[in-house]
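Notes follow once the structure below has been shown.
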Protein chains: 2
Amino acid sequence: MSDPVDAAPRHGLSLEEQLCFSLYSASRLVTAAYRPILEELGLTYPQYVTMLVLWERAPVSMKALGEALGLDYGTVTPLVKRLETAGLVQRRRRTDDERAVDVTLTEPGHRLRERSLTVPDRIGAAMGLEDEDFASLKRGLDLLAVNVEDHLR
Amino acid sequence: MSDPVDAAPRHGLSLEEQLCFSLYSASRLVTAAYRPILEELGLTYPQYVTMLVLWERAPVSMKALGEALGLDYGTVTPLVKRLETAGLVQRRRRTDDERAVDVTLTEPGHRLRERSLTVPDRIGAAMGLEDEDFASLKRGLDLLAVNVEDHLR
DNA sequence: TACAGGTAAATTGTGCACAAGGGACTTGCG
DNA sequence: CGCAAGTCCCTTGTGCACAATTTACCTGTA
C-alpha cells in the first residue's frame, strides 16, 4: 500500500471539513449577534471588549490594553481615539514616563457599565448553548489559542 | 434571598470568562498562523478560503461565492478583483443572465491547488489538537453557528 | 407591450487588523 | 556625563467586513 512518507494528507482542502473555517464563520456570526445589542450602547464589538478591560482595571496603559486584547498599537490607537471622541475615555500621558499613555474612564464611561450588565446574558441566549457545551467549547478554544501562540514562538 | 426576577446575571462582564473573547482571540490567532504559510502562495486567509470554494465548484457566481463564505458583495467583490489582478481567477458576465457574474479559475489558479495540498496539515500541526479535541471543537463551533444564525432570523 | 417588483452586483463610507517605519523618551553602560 | 540600545506610541498603507445606496437586468402580470 502507500508508503507513510507520501501518504495522503490527513486533512483535505474541502471547505466543510476545515476547523479554521468553522472558527472564522462562528467568530463573525457572534460579532453579528453582538451588533444590534451593542448599537444601543453606541459601541462596536472591539470597542466593547476594550471597555471590559477598562471597567476591570482602568487606568491602563496603551501597551497593557493592547496586550490584554492581543491587538497592536495600529489597531488600538485609533480604536481608543474613537472612544475618546465618544466621551467614554480619556488619554493622558504619564508624567513619570512620558513615553506611556494611560487610558482612564470618564463619568459617562463608568456609567455605561451599568447599562452593559445585561449584555452577556443576552448574548448567551443568542448562542443557545447548555452550560456544559459552553464550558467545553471555551476550553477547546483556549487550548487552541495556547497551542497556536506557542507555535508562533 | 434574592428574588429570581432580579437575580444576578448568569454571566458577568469579566473579559476572562467570556466565550466570545476566546472565540475572537482564537480566530485571529489561527489567521495569524496561516499568514506565513499563505504568504508563500501569495494569498491572504479570506483569499485562501475563496480559492477553496473555487477549487471545489468553479465556476461559481458571485452570489453563490458570497453565500458559501457567508460574506456579502461589499467584501467579495474587491476580494475577487484582487484574485483576478493576481491572475488566479477570471470574472465573466453570464450570457443567459447578464446580472450574474461567474468566477472561473485560470490555469495558474488551477495549478495553485497542488501547492496548497500541504496547507491543512501544516495548520493542523500549528493547532496541535488531538483528533478527538479537534472534532469536538468543530462540532461545538458548528452548533454555535447554527444557533446564532437561527437567532438572527 | 408596458411596467412593477424583485434580483445580482458594484460602490461608498466606517471601522477593524496588522505590517512597516518613524519619533520621542528612558535606561544601561563605558 | 554621553550615547547606543531598547521601549512606548503613532502613522501609513493594504486588506477585510459590513451597512446603505445605486445601477443594471430579469420576470410576472395585466
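Order determines the names: the first chain of the C-alpha cells is A, the second B, and so forth; residues in each chain are numbered 1 upward, and ligands are numbered 1 upward as they are shown.
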
### Task
Specify as a PyMOL selection string all residues of chain A found within 7 Å of chain B, counting only C-alpha atoms.
chain A and resi 9-15+19+22-24+26-27+29-30+33+52-53+117-118+120-121+126-128+133+137-138+140-142+144-145+147-148+151-152

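Every protein or nucleic acid residue with an atom no more than 8 Å from DA9 in chain C, counting only C-alpha atoms (C1' of nucleotides) and leaving out same-chain residues fewer than 5 positions away, appears here: Tyr73, Arg99, Ala100 and Val101 of chain B.
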
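Distance annotation: of B:Pro36, B:Pro108, B:Gly66, B:Gly74, the residue with the minimal separation from chain C is B:Gly74; atom set is only C-alpha atoms (C1' of nucleotides).
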
### Message
I need the residues in chain A that are helix (DSSP H, G or I) according to DSSP; give them as JSON, numbers by chain.
### Response
{"A": [4, 5, 6, 15, 16, 17, 19, 20, 21, 22, 23, 24, 25, 26, 27, 28, 29, 30, 31, 32, 33, 34, 35, 36, 37, 38, 39, 45, 46, 47, 48, 49, 50, 51, 52, 53, 54, 55, 56, 57, 62, 63, 64, 65, 66, 67, 68, 69, 73, 74, 75, 76, 77, 78, 79, 80, 81, 82, 83, 84, 85, 107, 108, 109, 110, 111, 112, 113, 114, 115, 116, 119, 120, 121, 122, 123, 124, 125, 126, 127, 131, 132, 133, 134, 135, 136, 137, 138, 139, 140, 141, 142, 143, 144, 145, 146, 147, 148, 149, 150, 151]}

#### Entry: Who sits within 12 Å of DC8 in chain D, only C-alpha atoms (C1' of nucleotides), same chain under 4 positions skipped, as a ChimeraX atom specification
/A:61-64,66,72-73,93-94,97-102 /C:23-26

Print the selection's residues with N, CA and C atoms (P, O5', C5', C4', C3', O3' and C1' of nucleotides) to a file, as an mmCIF file, in the first residue's frame.
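And here is the file that came out, again14.cif:
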```cif
data_model
loop_
_atom_site.group_PDB
_atom_site.id
_atom_site.type_symbol
_atom_site.label_atom_id
_atom_site.label_comp_id
_atom_site.auth_asym_id
_atom_site.auth_seq_id
_atom_site.Cartn_x
_atom_site.Cartn_y
_atom_site.Cartn_z
ATOM 1 N N SER A 61 -2.399 51.384 30.648
ATOM 2 C CA SER A 61 -1.568 51.962 29.583
ATOM 3 C C SER A 61 -1.981 51.384 28.237
ATOM 4 N N MET A 62 -1.655 52.079 27.173
ATOM 5 C CA MET A 62 -1.934 51.594 25.827
ATOM 6 C C MET A 62 -1.286 50.230 25.624
ATOM 7 N N LYS A 63 -0.081 50.059 26.127
ATOM 8 C CA LYS A 63 0.624 48.789 25.962
ATOM 9 C C LYS A 63 -0.138 47.651 26.646
ATOM 10 N N ALA A 64 -0.542 47.876 27.913
ATOM 11 C CA ALA A 64 -1.250 46.837 28.653
ATOM 12 C C ALA A 64 -2.596 46.528 28.007
ATOM 13 N N GLY A 66 -3.330 46.804 24.779
ATOM 14 C CA GLY A 66 -3.056 46.003 23.594
ATOM 15 C C GLY A 66 -2.733 44.568 23.953
ATOM 16 N N ASP A 72 -2.354 45.142 18.361
ATOM 17 C CA ASP A 72 -1.189 46.028 18.357
ATOM 18 C C ASP A 72 -1.627 47.493 18.332
ATOM 19 N N TYR A 73 -0.644 48.381 18.441
ATOM 20 C CA TYR A 73 -0.940 49.807 18.521
ATOM 21 C C TYR A 73 -1.712 50.302 17.306
ATOM 22 N N ARG A 93 -0.908 61.366 29.009
ATOM 23 C CA ARG A 93 0.498 60.954 29.020
ATOM 24 C C ARG A 93 0.967 60.853 30.466
ATOM 25 N N ARG A 94 1.613 59.746 30.788
ATOM 26 C CA ARG A 94 2.057 59.544 32.161
ATOM 27 C C ARG A 94 3.201 60.506 32.475
ATOM 28 N N ASP A 97 6.750 58.700 33.113
ATOM 29 C CA ASP A 97 7.357 58.114 31.906
ATOM 30 C C ASP A 97 6.596 58.663 30.725
ATOM 31 N N GLU A 98 7.166 59.669 30.105
ATOM 32 C CA GLU A 98 6.418 60.394 29.087
ATOM 33 C C GLU A 98 6.265 59.628 27.778
ATOM 34 N N ARG A 99 6.807 58.401 27.744
ATOM 35 C CA ARG A 99 6.509 57.584 26.555
ATOM 36 C C ARG A 99 5.125 56.976 26.677
ATOM 37 N N ALA A 100 4.718 56.690 27.919
ATOM 38 C CA ALA A 100 3.492 55.920 28.155
ATOM 39 C C ALA A 100 2.248 56.794 28.153
ATOM 40 N N VAL A 101 1.139 56.228 27.687
ATOM 41 C CA VAL A 101 -0.162 56.901 27.691
ATOM 42 C C VAL A 101 -1.132 56.036 28.486
ATOM 43 N N ASP A 102 -1.735 56.622 29.531
ATOM 44 C CA ASP A 102 -2.740 55.908 30.310
ATOM 45 C C ASP A 102 -4.128 56.233 29.775
ATOM 46 P P DG C 23 11.396 60.403 11.975
ATOM 47 O "O5'" DG C 23 10.790 60.849 13.368
ATOM 48 C "C5'" DG C 23 9.418 61.253 13.467
ATOM 49 C "C4'" DG C 23 9.030 61.374 14.922
ATOM 50 C "C3'" DG C 23 10.089 62.054 15.791
ATOM 51 O "O3'" DG C 23 9.455 62.870 16.746
ATOM 52 C "C1'" DG C 23 9.691 59.859 16.585
ATOM 53 P P DA C 24 10.315 63.973 17.527
ATOM 54 O "O5'" DA C 24 10.077 63.554 19.040
ATOM 55 C "C5'" DA C 24 8.743 63.445 19.538
ATOM 56 C "C4'" DA C 24 8.775 62.639 20.823
ATOM 57 C "C3'" DA C 24 9.803 63.142 21.839
ATOM 58 O "O3'" DA C 24 9.171 63.261 23.096
ATOM 59 C "C1'" DA C 24 10.065 60.827 21.455
ATOM 60 P P DC C 25 9.888 64.017 24.312
ATOM 61 O "O5'" DC C 25 10.309 62.830 25.284
ATOM 62 C "C5'" DC C 25 9.303 61.966 25.783
ATOM 63 C "C4'" DC C 25 9.930 60.659 26.217
ATOM 64 C "C3'" DC C 25 10.993 60.787 27.306
ATOM 65 O "O3'" DC C 25 10.450 60.285 28.518
ATOM 66 C "C1'" DC C 25 11.571 59.175 25.632
ATOM 67 P P DT C 26 11.255 60.407 29.929
ATOM 68 O "O5'" DT C 26 11.989 59.003 30.070
ATOM 69 C "C5'" DT C 26 11.240 57.807 29.970
ATOM 70 C "C4'" DT C 26 12.173 56.619 29.992
ATOM 71 C "C3'" DT C 26 13.213 56.630 31.119
ATOM 72 O "O3'" DT C 26 13.156 55.381 31.761
ATOM 73 C "C1'" DT C 26 14.253 56.210 29.041
#
```

### Message
Could you tell me which residues of chain D sit within 10 Å of chain A when counting only C-alpha atoms (C1' of nucleotides), and give me the result as number ranges by chain?
### Response
D: 7-12, 17-18

Selection above as a file: all heavy atoms, as a short mmCIF file (atom, residue, chain, number, x, y, z; two decimals), in the first residue's frame:
```cif
data_model
loop_
_atom_site.label_atom_id
_atom_site.label_comp_id
_atom_site.auth_asym_id
_atom_site.auth_seq_id
_atom_site.Cartn_x
_atom_site.Cartn_y
_atom_site.Cartn_z
P DT D 7 13.02 46.30 24.97
OP1 DT D 7 12.78 45.29 26.01
OP2 DT D 7 12.85 45.98 23.53
"O5'" DT D 7 12.11 47.56 25.29
"C5'" DT D 7 12.37 48.32 26.46
"C4'" DT D 7 11.37 49.45 26.55
"O4'" DT D 7 11.77 50.52 25.66
"C3'" DT D 7 9.95 49.06 26.14
"O3'" DT D 7 9.06 49.57 27.11
"C2'" DT D 7 9.78 49.71 24.78
"C1'" DT D 7 10.67 50.95 24.92
N1 DT D 7 11.18 51.50 23.64
C2 DT D 7 11.07 52.84 23.40
O2 DT D 7 10.53 53.60 24.17
N3 DT D 7 11.59 53.26 22.20
C4 DT D 7 12.21 52.48 21.24
O4 DT D 7 12.64 52.96 20.20
C5 DT D 7 12.31 51.07 21.56
C7 DT D 7 12.96 50.14 20.60
C6 DT D 7 11.80 50.65 22.73
P DC D 8 7.48 49.18 27.07
OP1 DC D 8 7.01 49.08 28.48
OP2 DC D 8 7.31 48.06 26.12
"O5'" DC D 8 6.82 50.47 26.43
"C5'" DC D 8 6.83 51.70 27.16
"C4'" DC D 8 6.16 52.74 26.33
"O4'" DC D 8 7.00 53.02 25.19
"C3'" DC D 8 4.79 52.34 25.76
"O3'" DC D 8 3.83 53.32 26.14
"C2'" DC D 8 5.01 52.27 24.25
"C1'" DC D 8 6.19 53.20 24.05
N1 DC D 8 7.04 52.90 22.85
C2 DC D 8 7.47 53.94 22.02
O2 DC D 8 7.12 55.10 22.27
N3 DC D 8 8.24 53.65 20.94
C4 DC D 8 8.59 52.39 20.70
N4 DC D 8 9.36 52.16 19.63
C5 DC D 8 8.17 51.32 21.54
C6 DC D 8 7.40 51.61 22.60
P DC D 9 2.23 53.03 25.82
OP1 DC D 9 1.44 53.76 26.83
OP2 DC D 9 2.02 51.58 25.62
"O5'" DC D 9 2.06 53.77 24.43
"C5'" DC D 9 2.36 55.17 24.38
"C4'" DC D 9 2.51 55.63 22.95
"O4'" DC D 9 3.59 54.91 22.30
"C3'" DC D 9 1.32 55.41 22.03
"O3'" DC D 9 0.58 56.62 21.96
"C2'" DC D 9 1.92 55.01 20.68
"C1'" DC D 9 3.43 55.11 20.92
N1 DC D 9 4.23 54.09 20.19
C2 DC D 9 5.02 54.48 19.11
O2 DC D 9 5.02 55.66 18.77
N3 DC D 9 5.73 53.55 18.44
C4 DC D 9 5.70 52.26 18.84
N4 DC D 9 6.44 51.37 18.15
C5 DC D 9 4.91 51.84 19.95
C6 DC D 9 4.20 52.78 20.61
P DC D 10 -0.71 56.75 21.05
OP1 DC D 10 -1.50 57.90 21.55
OP2 DC D 10 -1.33 55.41 20.93
"O5'" DC D 10 -0.13 57.15 19.61
"C5'" DC D 10 0.75 58.27 19.50
"C4'" DC D 10 1.20 58.42 18.06
"O4'" DC D 10 2.10 57.33 17.73
"C3'" DC D 10 0.07 58.38 17.03
"O3'" DC D 10 0.14 59.56 16.24
"C2'" DC D 10 0.35 57.12 16.21
"C1'" DC D 10 1.84 56.90 16.41
N1 DC D 10 2.26 55.47 16.34
C2 DC D 10 3.18 55.07 15.35
O2 DC D 10 3.61 55.91 14.56
N3 DC D 10 3.57 53.77 15.30
C4 DC D 10 3.08 52.89 16.17
N4 DC D 10 3.50 51.62 16.08
C5 DC D 10 2.15 53.27 17.18
C6 DC D 10 1.76 54.56 17.23
P DT D 11 -0.98 59.85 15.12
OP1 DT D 11 -1.14 61.31 15.06
OP2 DT D 11 -2.16 59.00 15.39
"O5'" DT D 11 -0.31 59.35 13.77
"C5'" DT D 11 1.02 59.72 13.48
"C4'" DT D 11 1.46 59.14 12.14
"O4'" DT D 11 1.90 57.77 12.31
"C3'" DT D 11 0.37 59.11 11.06
"O3'" DT D 11 0.94 59.59 9.86
"C2'" DT D 11 -0.01 57.64 10.97
"C1'" DT D 11 1.30 56.95 11.33
N1 DT D 11 1.18 55.60 11.95
C2 DT D 11 1.96 54.58 11.48
O2 DT D 11 2.74 54.71 10.57
N3 DT D 11 1.78 53.38 12.13
C4 DT D 11 0.93 53.11 13.18
O4 DT D 11 0.87 51.99 13.67
C5 DT D 11 0.13 54.22 13.63
C7 DT D 11 -0.84 54.05 14.75
C6 DT D 11 0.29 55.41 13.01
P DT D 12 -0.01 59.90 8.57
OP1 DT D 12 0.50 61.14 7.96
OP2 DT D 12 -1.43 59.76 8.93
"O5'" DT D 12 0.36 58.68 7.58
"C5'" DT D 12 1.71 58.31 7.40
"C4'" DT D 12 1.81 57.06 6.54
"O4'" DT D 12 1.69 55.88 7.37
"C3'" DT D 12 0.73 56.93 5.46
"O3'" DT D 12 1.37 56.49 4.26
"C2'" DT D 12 -0.21 55.88 6.02
"C1'" DT D 12 0.76 54.99 6.80
N1 DT D 12 0.18 54.20 7.91
C2 DT D 12 0.65 52.93 8.13
O2 DT D 12 1.51 52.43 7.44
N3 DT D 12 0.08 52.28 9.19
C4 DT D 12 -0.91 52.77 10.04
O4 DT D 12 -1.32 52.08 10.95
C5 DT D 12 -1.36 54.10 9.75
C7 DT D 12 -2.42 54.71 10.61
C6 DT D 12 -0.80 54.75 8.71
P DA D 17 -12.76 38.86 6.46
OP1 DA D 17 -12.33 38.30 7.76
OP2 DA D 17 -13.22 37.94 5.40
"O5'" DA D 17 -13.92 39.92 6.71
"C5'" DA D 17 -14.32 40.22 8.03
"C4'" DA D 17 -15.43 41.24 8.03
"O4'" DA D 17 -15.00 42.46 7.41
"C3'" DA D 17 -16.73 40.85 7.32
"O3'" DA D 17 -17.70 40.67 8.33
"C2'" DA D 17 -17.02 42.02 6.37
"C1'" DA D 17 -16.16 43.12 6.95
N9 DA D 17 -15.69 44.15 6.01
C8 DA D 17 -15.06 43.95 4.82
N7 DA D 17 -14.72 45.06 4.20
C5 DA D 17 -15.17 46.06 5.06
C6 DA D 17 -15.12 47.46 4.97
N6 DA D 17 -14.58 48.13 3.95
N1 DA D 17 -15.65 48.15 5.99
C2 DA D 17 -16.19 47.48 7.02
N3 DA D 17 -16.30 46.18 7.21
C4 DA D 17 -15.76 45.51 6.18
P DC D 18 -19.20 40.23 7.97
OP1 DC D 18 -19.72 39.54 9.17
OP2 DC D 18 -19.20 39.56 6.68
"O5'" DC D 18 -19.99 41.61 7.83
"C5'" DC D 18 -20.08 42.46 8.95
"C4'" DC D 18 -20.66 43.78 8.52
"O4'" DC D 18 -19.72 44.49 7.68
"C3'" DC D 18 -21.94 43.68 7.68
"O3'" DC D 18 -22.90 44.56 8.22
"C2'" DC D 18 -21.52 44.14 6.31
"C1'" DC D 18 -20.45 45.16 6.69
N1 DC D 18 -19.58 45.55 5.55
C2 DC D 18 -19.28 46.91 5.38
O2 DC D 18 -19.71 47.72 6.19
N3 DC D 18 -18.51 47.29 4.35
C4 DC D 18 -18.04 46.38 3.49
N4 DC D 18 -17.29 46.81 2.49
C5 DC D 18 -18.33 44.99 3.65
C6 DC D 18 -19.10 44.62 4.68
#
```

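Coordinates place CA of Pro59 in chain B at a distance of 24.4 Å from C1' of DT11 in chain C.
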
For chain C against chain B, which residues fall within 10 Å using only C-alpha atoms (C1' of nucleotides), given as a short mmCIF file (atom, residue, chain, number, x, y, z; two decimals) with N, CA, C and O atoms (P, O5', C5', C4', C3', O3' and C1' of nucleotides), in the first residue's frame?
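Full text of result.cif as output:
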```
data_model
loop_
_atom_site.label_atom_id
_atom_site.label_comp_id
_atom_site.auth_asym_id
_atom_site.auth_seq_id
_atom_site.Cartn_x
_atom_site.Cartn_y
_atom_site.Cartn_z
P DT C 7 -36.29 38.49 -4.74
"O5'" DT C 7 -35.04 38.47 -5.72
"C5'" DT C 7 -35.17 37.85 -6.99
"C4'" DT C 7 -33.90 38.10 -7.77
"C3'" DT C 7 -32.61 37.94 -6.97
"O3'" DT C 7 -31.72 37.15 -7.71
"C1'" DT C 7 -32.63 40.03 -8.06
P DA C 8 -30.28 36.78 -7.15
"O5'" DA C 8 -29.33 37.75 -7.97
"C5'" DA C 8 -29.11 37.49 -9.36
"C4'" DA C 8 -27.89 38.27 -9.82
"C3'" DA C 8 -26.64 38.09 -8.94
"O3'" DA C 8 -25.50 37.99 -9.79
"C1'" DA C 8 -27.29 40.37 -8.94
P DA C 9 -24.07 37.62 -9.15
"O5'" DA C 9 -23.25 38.96 -9.38
"C5'" DA C 9 -23.84 40.14 -9.07
"C4'" DA C 9 -23.14 41.34 -9.66
"C3'" DA C 9 -21.82 41.68 -8.97
"O3'" DA C 9 -20.89 42.21 -9.91
"C1'" DA C 9 -23.51 43.32 -8.46
P DA C 10 -19.42 42.65 -9.45
"O5'" DA C 10 -19.61 44.20 -9.13
"C5'" DA C 10 -20.04 45.05 -10.18
"C4'" DA C 10 -20.22 46.46 -9.65
"C3'" DA C 10 -18.99 47.03 -8.93
"O3'" DA C 10 -18.71 48.29 -9.50
"C1'" DA C 10 -20.95 47.29 -7.60
P DT C 11 -17.44 49.15 -9.02
"O5'" DT C 11 -18.07 50.19 -7.98
"C5'" DT C 11 -19.24 50.90 -8.33
"C4'" DT C 11 -19.65 51.83 -7.21
"C3'" DT C 11 -18.49 52.49 -6.46
"O3'" DT C 11 -18.79 53.87 -6.34
"C1'" DT C 11 -19.95 51.44 -4.92
P DT C 12 -17.67 54.92 -5.79
"O5'" DT C 12 -18.14 55.24 -4.30
"C5'" DT C 12 -19.51 55.56 -4.07
"C4'" DT C 12 -19.77 55.74 -2.59
"C3'" DT C 12 -18.60 56.33 -1.79
"O3'" DT C 12 -19.13 57.30 -0.90
"C1'" DT C 12 -19.29 54.30 -0.81
P DA C 17 -10.74 43.62 15.25
"O5'" DA C 17 -9.37 43.56 14.42
"C5'" DA C 17 -9.15 42.47 13.56
"C4'" DA C 17 -7.81 42.60 12.86
"C3'" DA C 17 -6.58 42.67 13.76
"O3'" DA C 17 -5.85 41.48 13.53
"C1'" DA C 17 -6.43 44.17 11.92
P DC C 18 -4.51 41.16 14.35
"O5'" DC C 18 -3.36 41.69 13.39
"C5'" DC C 18 -3.22 41.09 12.10
"C4'" DC C 18 -2.23 41.89 11.29
"C3'" DC C 18 -0.90 42.19 12.00
"O3'" DC C 18 0.14 41.87 11.13
"C1'" DC C 18 -1.75 44.11 11.00
#
```

### Task
Would you list, as JSON, numbers by chain, the residues of chain B that end up in strand (DSSP E or B) under DSSP run on this structure's backbone?
{"B": [60, 61, 89, 90, 91, 92, 93, 101, 102, 103, 104, 105]}

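The coordinates place C1' of DG15 in chain D at 20.1 Å from CA of Gly109 in chain B.
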
### Interatomic distance (Å, one decimal) between CA of Leu88 in chain A and CA of Glu107 in chain A
7.5 Å
